[in-house]
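*Asks:* Contents of target.csv (CSV, C-alpha atoms and all ligand atoms):
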chain,number,residue,atom,x,y,z
A,1,MET,CA,1.0,-16.7,-15.0
A,2,VAL,CA,-0.8,-19.7,-13.5
A,3,SER,CA,-1.6,-19.9,-9.8
A,4,ASP,CA,-2.6,-23.1,-7.8
A,5,SER,CA,-6.2,-22.2,-8.4
A,6,GLY,CA,-5.6,-21.2,-12.0
A,7,PHE,CA,-8.0,-18.3,-11.5
A,8,ILE,CA,-6.2,-15.1,-12.4
A,9,LYS,CA,-7.4,-12.0,-14.3
A,10,GLU,CA,-4.8,-9.4,-15.2
A,11,ARG,CA,-4.8,-5.8,-16.5
A,12,VAL,CA,-1.8,-3.7,-17.5
A,13,ILE,CA,-2.5,0.0,-17.5
A,14,GLY,CA,0.6,2.2,-18.2
A,15,ASP,CA,3.3,0.9,-15.9
A,16,CYS,CA,0.9,-0.7,-13.5
A,17,ARG,CA,-0.1,-4.4,-13.5
A,18,LEU,CA,-3.3,-5.2,-11.7
A,19,ILE,CA,-4.0,-8.8,-10.8
A,20,LEU,CA,-7.3,-10.3,-9.5
A,21,GLY,CA,-6.6,-13.2,-7.3
A,22,ASP,CA,-5.3,-14.5,-3.9
A,23,SER,CA,-1.9,-13.0,-3.1
A,24,ARG,CA,-1.0,-16.2,-1.2
A,25,GLU,CA,-1.1,-18.0,-4.6
A,26,ILE,CA,0.4,-15.3,-6.7
A,27,VAL,CA,3.3,-13.6,-5.0
A,28,SER,CA,5.7,-16.6,-5.4
A,29,TYR,CA,5.3,-16.4,-9.2
A,30,LEU,CA,6.1,-12.7,-9.3
A,31,GLU,CA,9.4,-11.3,-10.3
A,32,GLY,CA,11.0,-7.9,-10.8
A,33,TYR,CA,9.6,-5.8,-7.8
A,34,ASP,CA,11.8,-3.9,-5.4
A,35,ALA,CA,9.6,-2.8,-2.5
A,36,VAL,CA,6.4,-3.8,-0.9
A,37,ILE,CA,4.2,-1.0,0.2
A,38,THR,CA,0.9,-2.2,1.5
A,39,ASP,CA,-2.0,-1.7,3.9
A,40,PRO,CA,-3.0,-5.3,4.8
A,41,VAL,CA,-6.2,-6.5,6.4
A,42,TRP,CA,-5.8,-5.5,10.0
A,43,PRO,CA,-6.3,-7.8,13.0
A,44,ASN,CA,-9.2,-5.9,14.6
A,45,ALA,CA,-11.1,-5.2,11.3
A,46,PRO,CA,-14.9,-5.6,11.9
A,47,GLN,CA,-16.1,-9.1,11.4
A,48,GLY,CA,-17.2,-9.8,7.8
A,49,MET,CA,-15.5,-6.7,6.4
A,50,PHE,CA,-13.1,-8.9,4.4
A,51,PRO,CA,-14.8,-12.3,3.9
A,52,GLY,CA,-12.5,-15.3,4.0
A,53,VAL,CA,-9.8,-13.6,6.2
A,54,ASP,CA,-9.9,-15.5,9.5
A,55,ASN,CA,-6.4,-14.6,10.6
A,56,PRO,CA,-4.9,-11.4,9.2
A,57,ARG,CA,-1.5,-12.0,10.8
A,58,ASP,CA,-1.1,-15.5,9.2
A,59,LEU,CA,-2.3,-14.1,5.9
A,60,LEU,CA,0.3,-11.3,6.0
A,61,GLU,CA,3.0,-13.8,7.0
A,62,ASP,CA,2.1,-16.2,4.2
A,63,VAL,CA,2.3,-13.4,1.6
A,64,LEU,CA,5.4,-11.6,2.9
A,65,ALA,CA,7.3,-14.9,3.3
A,66,HIS,CA,7.1,-15.2,-0.6
A,67,CYS,CA,8.1,-11.5,-1.3
A,68,THR,CA,11.7,-12.5,-1.4
A,69,GLU,CA,12.7,-9.8,-3.9
A,70,ALA,CA,11.6,-6.9,-1.7
A,71,GLN,CA,14.5,-4.9,-0.4
A,72,ARG,CA,12.1,-2.8,1.6
A,73,ILE,CA,8.7,-3.4,3.2
A,74,ALA,CA,6.4,-0.6,4.4
A,75,ILE,CA,3.2,-1.6,6.2
A,76,ILE,CA,0.6,1.1,6.7
A,77,MET,CA,-2.1,0.7,9.4
A,78,ARG,CA,-4.7,2.8,11.1
A,79,CYS,CA,-3.7,4.1,14.5
A,80,ASP,CA,-6.2,1.6,16.1
A,81,SER,CA,-4.8,-1.4,14.2
A,82,ASP,CA,-3.1,-3.9,16.5
A,83,PRO,CA,0.6,-3.7,15.8
A,84,ARG,CA,1.2,-7.3,16.9
A,85,ILE,CA,0.4,-8.3,13.3
A,86,LEU,CA,3.9,-6.9,12.5
A,87,SER,CA,5.6,-10.1,13.7
A,88,ALA,CA,4.6,-11.4,10.3
A,89,VAL,CA,7.3,-9.3,8.6
A,90,PRO,CA,10.3,-11.5,7.7
A,91,GLU,CA,13.2,-11.1,10.2
A,92,CYS,CA,15.8,-10.8,7.5
A,93,LEU,CA,14.6,-7.2,6.9
A,94,PRO,CA,15.7,-5.0,9.8
A,95,PHE,CA,13.2,-2.5,11.2
A,96,VAL,CA,14.0,1.1,10.2
A,97,ARG,CA,11.4,3.4,11.9
A,98,VAL,CA,7.7,4.4,12.4
A,99,GLN,CA,6.3,7.3,10.4
A,100,MET,CA,3.1,9.1,11.2
A,101,LEU,CA,0.6,9.8,8.4
A,102,GLU,CA,-1.6,12.6,9.7
A,103,TYR,CA,-4.9,14.0,8.7
A,104,ALA,CA,-5.6,17.7,9.0
A,105,VAL,CA,-8.9,16.9,10.7
A,106,ALA,CA,-9.2,14.2,13.3
A,107,GLY,CA,-12.0,11.7,13.1
A,108,ARG,CA,-13.8,9.6,15.7
A,109,MET,CA,-13.3,5.8,15.7
A,110,GLY,CA,-15.6,4.8,18.6
A,111,ARG,CA,-13.7,6.0,21.7
A,112,ILE,CA,-10.5,6.5,19.8
A,113,LEU,CA,-9.5,10.0,18.5
A,114,GLY,CA,-8.3,9.3,15.0
A,115,GLY,CA,-6.4,11.7,12.8
A,116,MET,CA,-3.4,9.6,11.9
A,117,GLU,CA,-2.2,6.4,10.4
A,118,THR,CA,1.2,4.7,11.0
A,119,LEU,CA,3.8,3.4,8.6
A,120,TYR,CA,6.2,0.7,9.8
A,121,GLY,CA,9.3,0.6,7.6
A,122,TYR,CA,11.7,-2.4,7.2
A,123,GLY,CA,14.7,-3.2,5.1
A,124,LYS,CA,17.3,-1.2,3.3
A,125,PRO,CA,16.4,2.5,3.3
A,126,ILE,CA,16.4,4.4,-0.1
A,127,PRO,CA,19.8,5.8,-0.9
A,128,VAL,CA,20.9,9.2,0.4
A,129,ARG,CA,20.6,12.1,-2.1
A,130,GLU,CA,19.6,15.7,-2.1
A,131,GLY,CA,16.3,16.1,-0.3
A,132,GLN,CA,16.3,12.6,1.1
A,133,ARG,CA,19.1,12.5,3.6
A,134,LEU,CA,17.1,12.3,6.9
A,135,ILE,CA,14.2,9.9,7.0
A,136,PRO,CA,11.4,11.9,8.4
A,137,GLY,CA,8.9,10.8,11.1
A,138,ARG,CA,5.8,12.4,9.7
A,139,CYS,CA,4.1,13.3,6.5
A,140,GLU,CA,2.4,16.7,6.1
A,141,PRO,CA,-1.2,16.3,7.1
A,142,ALA,CA,-3.7,15.1,4.4
A,143,GLN,CA,-7.0,16.9,3.9
A,144,PRO,CA,-9.8,14.4,4.3
A,145,THR,CA,-11.3,13.4,0.9
A,146,LYS,CA,-14.9,14.4,0.4
A,147,LYS,CA,-17.2,11.4,0.7
A,148,ALA,CA,-18.4,11.7,-2.9
A,149,ASP,CA,-14.8,11.5,-4.2
A,150,ARG,CA,-13.9,8.5,-2.1
A,151,PRO,CA,-13.6,5.1,-3.9
A,152,ASP,CA,-16.3,2.6,-2.9
A,153,HIS,CA,-14.1,0.6,-0.5
A,154,PRO,CA,-14.4,0.3,3.3
A,155,CYS,CA,-11.0,1.7,4.0
A,156,PRO,CA,-9.3,3.5,1.1
A,157,ARG,CA,-6.1,5.2,2.2
A,158,SER,CA,-5.2,8.9,1.5
A,159,LEU,CA,-3.6,9.4,-1.9
A,160,HIS,CA,-1.5,12.2,-0.4
A,161,HIS,CA,-0.1,9.7,2.3
A,162,MET,CA,0.5,7.0,-0.2
A,163,LYS,CA,2.5,9.3,-2.6
A,164,TRP,CA,4.6,10.3,0.4
A,165,ALA,CA,5.1,6.6,1.4
A,166,VAL,CA,6.0,5.7,-2.2
A,167,ARG,CA,8.6,8.5,-2.4
A,168,TRP,CA,10.2,7.4,0.9
A,169,TRP,CA,10.1,3.6,0.4
A,170,SER,CA,10.9,3.2,-3.3
A,171,GLU,CA,13.3,4.8,-5.8
A,172,PRO,CA,12.6,6.1,-9.3
A,173,GLY,CA,13.0,3.2,-11.7
A,174,GLU,CA,11.9,0.7,-9.1
A,175,THR,CA,8.7,-1.4,-9.1
A,176,VAL,CA,6.4,-1.4,-6.0
A,177,LEU,CA,4.3,-4.4,-5.1
A,178,ASP,CA,1.0,-4.0,-3.1
A,179,PRO,CA,-0.4,-7.5,-2.4
A,180,PHE,CA,-3.5,-6.1,-0.7
A,181,MET,CA,-4.4,-3.5,-3.4
A,182,GLY,CA,-8.0,-2.7,-2.3
A,183,SER,CA,-9.2,0.3,-4.4
A,184,GLY,CA,-5.7,0.8,-5.7
A,185,THR,CA,-4.4,3.8,-3.8
A,186,THR,CA,-0.8,2.6,-3.7
A,187,LEU,CA,-0.9,2.0,-7.5
A,188,ALA,CA,-2.5,5.4,-8.1
A,189,ALA,CA,0.4,7.0,-6.1
A,190,CYS,CA,2.9,5.1,-8.2
A,191,ALA,CA,1.2,6.1,-11.4
A,192,ALA,CA,1.3,9.7,-10.4
A,193,LEU,CA,5.0,9.6,-9.5
A,194,GLY,CA,6.1,7.6,-12.5
A,195,ARG,CA,6.9,4.4,-10.6
A,196,ALA,CA,6.0,0.9,-12.0
A,197,ALA,CA,3.7,-1.1,-9.7
A,198,VAL,CA,2.0,-4.5,-9.3
A,199,GLY,CA,-1.2,-4.8,-7.3
A,200,ILE,CA,-3.1,-7.9,-6.2
A,201,GLU,CA,-6.7,-7.8,-5.0
A,202,ILE,CA,-8.9,-10.8,-4.2
A,203,ASP,CA,-12.3,-9.0,-4.5
A,204,PRO,CA,-13.5,-8.5,-8.1
A,205,ASP,CA,-15.5,-5.3,-7.3
A,206,TYR,CA,-12.4,-3.7,-5.6
A,207,PHE,CA,-10.2,-4.9,-8.5
A,208,GLU,CA,-12.5,-3.1,-11.0
A,209,ILE,CA,-12.5,0.1,-8.9
A,210,ALA,CA,-8.7,0.0,-8.8
A,211,CYS,CA,-8.5,-0.5,-12.6
A,212,GLY,CA,-10.8,2.6,-13.0
A,213,ARG,CA,-8.6,4.7,-10.7
A,214,ILE,CA,-5.4,3.8,-12.4
A,215,GLU,CA,-6.9,4.6,-15.8
A,216,GLU,CA,-8.0,7.9,-14.5
A,217,ALA,CA,-4.5,8.6,-12.9
A,218,TYR,CA,-2.9,8.2,-16.3
A,219,ARG,CA,-5.6,10.1,-18.1
A,220,GLN,CA,-5.3,13.2,-15.8
A,221,PRO,CA,-1.7,13.5,-14.7
A,222,ASP,CA,-1.1,16.1,-12.0
A,223,LEU,CA,1.4,18.8,-12.9
A,224,PHE,CA,2.7,19.1,-9.4
A,225,ASP,CA,3.4,15.3,-9.3
A,226,ALA,CA,5.2,15.6,-12.6
A,227,LEU,CA,7.6,18.0,-10.9
A,228,LEU,CA,8.3,15.4,-8.1
A,229,ARG,CA,9.3,12.7,-10.6
A,230,VAL,CA,13.0,12.1,-10.7
A,231,SER,CA,14.3,9.9,-13.4
A,301,LIG,C1,-7.1,-2.7,4.1
A,301,LIG,S1,-7.6,-3.1,2.5
A,301,LIG,C2,-6.5,-2.2,1.4
A,301,LIG,C3,-7.1,-0.8,1.1
A,301,LIG,C4,-6.2,-0.1,0.1
A,301,LIG,N1,-5.0,0.4,0.6
A,301,LIG,C5,-7.0,1.1,-0.5
A,301,LIG,O1,-6.5,2.3,-0.4
A,301,LIG,O2,-8.1,0.9,-1.0
A,301,LIG,C6,-7.0,-4.7,2.3
A,301,LIG,C7,-7.5,-5.4,1.0
A,301,LIG,O3,-6.9,-6.7,0.9
A,301,LIG,C8,-7.8,-7.5,0.2
A,301,LIG,N2,-7.5,-8.9,0.4
A,301,LIG,C9,-7.8,-9.7,1.5
A,301,LIG,N3,-7.3,-10.9,1.4
A,301,LIG,C10,-6.6,-10.9,0.2
A,301,LIG,C11,-5.8,-11.9,-0.4
A,301,LIG,N4,-5.6,-13.1,0.1
A,301,LIG,N5,-5.2,-11.6,-1.6
A,301,LIG,C12,-5.3,-10.3,-2.1
A,301,LIG,N6,-6.1,-9.4,-1.6
A,301,LIG,C13,-6.7,-9.6,-0.4
A,301,LIG,C14,-9.2,-7.1,0.7
A,301,LIG,O4,-10.2,-7.4,-0.2
A,301,LIG,C15,-9.0,-5.5,0.9
A,301,LIG,O5,-9.5,-4.9,-0.3
Mind turning the file's structure into C-alpha cells?
*Replies:*
Amino acid sequence: MVSDSGFIKERVIGDCRLILGDSREIVSYLEGYDAVITDPVWPNAPQGMFPGVDNPRDLLEDVLAHCTEAQRIAIIMRCDSDPRILSAVPECLPFVRVQMLEYAVAGRMGRILGGMETLYGYGKPIPVREGQRLIPGRCEPAQPTKKADRPDHPCPRSLHHMKWAVRWWSEPGETVLDPFMGSGTTLAACAALGRAAVGIEIDPDYFEIACGRIEEAYRQPDLFDALLRVS
C-alpha cells in the first residue's frame, strides 16, 4: 500500500493489521472491513495532547468520509467530550442509539464527576440471534485498570468496554477498523474475541505500544473470552 506521503509501516500480528501513518491518507486505500469502532481525538482534548490535530471534527469527517465499506460506525467518547463532533459521521448511516460504558469507580475530571464513557452507534445493527435480540443501553461496569498495568498512552480505553463494543458492533467473521488506534485497545479486544482488525496510528510510540499489546493478546489468550467467540 502506498499513501500520498508514501510513509507507511505495517505489522501483521495474528488477524490484526497495524499501520503506522495518517488515517486521512490511508483509509481510502483500505478494503475488506465491515465496521468502524473508534475513539477519535476529542474536540476538548487538552492543547498539545495530540500534536498536529487542530480540528478534531474535520479530522474525523475526513477519515469517516472514506470509510465507505463500513456498515456500522461506533464512536466512543468520554462523558465530557463535546458530542457536536458527531456531525462528522456520514449521513448515509442512520443513528441507532447511545450506550453507556460505565466504570465501577467514578473518577474526577476537574469539576465533572466521571465514571462513564459513551458510545454512539450508527448504521445497520448486527443481526438478531440468541442473546443479541435487544440492543442494550449499558455495559456492565469496568473495574479501573491499575496504573502500573495501563499502557503508556494519555487516554487508553477500558479493554472490558472495548470487548463489549466489539461484540455489539461487529459480527464473528467480520473485520473491524480503528482509524485512531492509540495504544490498540480496540484491536486487543478484537484479538481476544477472534475478530480480524485493522488499526491506524500516527504516533510511532503509540504504534509500538499497540503492537506489543496485540502480540501479548495472542500470546496469552483468555479462556473466558474464548467461550464468547462464536464462529
Ligand atoms: C483518543 S486516542 C485513542 C486511544 C485508544 N482508543 C486507546 O485505547 O489507546 C486517539 C489517537 O488517534 C491518534 N491520531 C491522531 N491523529 C491521527 C491521524 N491523522 N491518523 C491516525 N491516528 C491519529 C492519536 O495519536 C491518538 O493516539
*Asks:* Atom N6 of ligand LIG 301 (chain A) and CA of Glu61 (chain A), how far apart in Å?
*Replies:*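 Going from CA of Glu61 (chain A) over to atom N6 of ligand LIG 301 (chain A) covers 13.3 Å.
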*Asks:* Collect all residues with atoms no farther than 9 Å from ligand LIG 301 (chain A), counting only C-alpha atoms and all ligand atoms, and output them as number ranges by chain.
*Replies:* A: 19-26, 38-42, 45, 49-53, 56, 59-60, 63, 76-77, 151-159, 162, 178-186, 199-204, 206-207, 210
*Asks:* Give me, as CSV, the closest atom pair and its distance (Å, one decimal) for every residue of region 50-100 of chain A within a cut-off of 12 Å of region 106-112 of chain A, counting all atoms listed in the file, rows sorted by chain and rising number.
*Replies:*
residue,atom,partner,partner_atom,distance
A:Arg78,CA,A:Met109,CA,10.2
A:Cys79,CA,A:Ile112,CA,8.9
A:Asp80,CA,A:Ile112,CA,7.5
A:Ser81,CA,A:Ile112,CA,11.2
*Asks:* Take the point (-5.1, 5.3, -14.4) in the file's coordinates, draw a sphere of radius 9 Å around it, and report as a PyMOL selection string every protein, DNA or RNA residue with an atom inside or on it, counting only C-alpha atoms.
*Replies:* chain A and resi 13-14+16+187-188+191-192+210-221
*Asks:* Counting all atoms listed in the file, figure out which residue out of A:Glu91, A:Asp222, A:Glu140, A:Glu174 gets nearest to Ile126 (chain A).
*Replies:*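 Ranked by minimum distance to Ile126 (chain A), first place goes to A:Glu174.
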*Asks:* In Å, how far is it from CA of Pro172 (chain A) to CA of Cys139 (chain A)?
*Replies:*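 Separation between CA of Pro172 (chain A) and CA of Cys139 (chain A): 19.3 Å.
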*Asks:* Counting only C-alpha atoms, figure out which residue out of A:Ala189, A:Ala142, A:Leu86, A:Leu18 gets nearest to Ile209 (chain A).
*Replies:* A:Leu18
*Asks:* Which is closer to Asn55 (chain A) than all the others in A:Gly123, A:Met100, A:Pro43, A:Trp164, using all atoms listed in the file?
*Replies:*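 That would be A:Pro43, the residue with the smallest distance to Asn55 (chain A).
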*Asks:* Quick one: residues within 12 Å of Ser87 (chain A), all atoms listed in the file, excluding same-chain residues fewer than 3 positions away - as a JSON list (two decimals) with C-alpha atoms, in the frame of the given file?
*Replies:*
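For reference, part_7.json as written:
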[["chain", "number", "residue", "atom", "x", "y", "z"],
["A", 56, "PRO", "CA", -4.90, -11.40, 9.20],
["A", 57, "ARG", "CA", -1.50, -12.00, 10.80],
["A", 58, "ASP", "CA", -1.10, -15.50, 9.20],
["A", 59, "LEU", "CA", -2.30, -14.10, 5.90],
["A", 60, "LEU", "CA", 0.30, -11.30, 6.00],
["A", 61, "GLU", "CA", 3.00, -13.80, 7.00],
["A", 62, "ASP", "CA", 2.10, -16.20, 4.20],
["A", 64, "LEU", "CA", 5.40, -11.60, 2.90],
["A", 65, "ALA", "CA", 7.30, -14.90, 3.30],
["A", 75, "ILE", "CA", 3.20, -1.60, 6.20],
["A", 82, "ASP", "CA", -3.10, -3.90, 16.50],
["A", 83, "PRO", "CA", 0.60, -3.70, 15.80],
["A", 84, "ARG", "CA", 1.20, -7.30, 16.90],
["A", 90, "PRO", "CA", 10.30, -11.50, 7.70],
["A", 91, "GLU", "CA", 13.20, -11.10, 10.20],
["A", 92, "CYS", "CA", 15.80, -10.80, 7.50],
["A", 93, "LEU", "CA", 14.60, -7.20, 6.90],
["A", 94, "PRO", "CA", 15.70, -5.00, 9.80],
["A", 95, "PHE", "CA", 13.20, -2.50, 11.20],
["A", 120, "TYR", "CA", 6.20, 0.70, 9.80],
["A", 122, "TYR", "CA", 11.70, -2.40, 7.20]]
*Asks:* Measuring between all atoms listed in the file, which one of A:Thr175, A:Lys163, A:Arg195, A:Tyr29 shows the shortest distance to Phe224 (chain A)?
*Replies:*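 Once distances to Phe224 (chain A) are computed over all atoms listed in the file, the minimum belongs to A:Lys163.
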*Asks:* Calculate how many Å separate CA of Pro136 (chain A) from CA of Glu69 (chain A), rounding to one decimal.
*Replies:*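 Between these atoms lies a distance of 25.0 Å.
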*Asks:* Check the smallest atom-to-atom distance from each of A:Leu30, A:Leu223, A:Cys67, A:Ile73 to Gly121 (chain A) using all atoms listed in the file, then report the winner.
*Replies:*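 Counting all atoms listed in the file, the residue closest to Gly121 (chain A) is A:Ile73.
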*Asks:* Using only C-alpha atoms, which of A:Val128, A:Leu101, A:Thr145, A:Ile85 sits nearest Met116 (chain A)?
*Replies:*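 Of A:Val128, A:Leu101, A:Thr145, A:Ile85, the one nearest Met116 (chain A), counting only C-alpha atoms, is A:Leu101.
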*Asks:* Around all of region 135-143 of chain A's listed atoms, make the axis-aligned box with 3 Å on each side and tell me centre and edge lengths in Å to one decimal, as AutoDock Vina command-line options.
*Replies:*
--center_x 3.6 --center_y 13.4 --center_z 7.5 --size_x 27.2 --size_y 13.0 --size_z 13.2
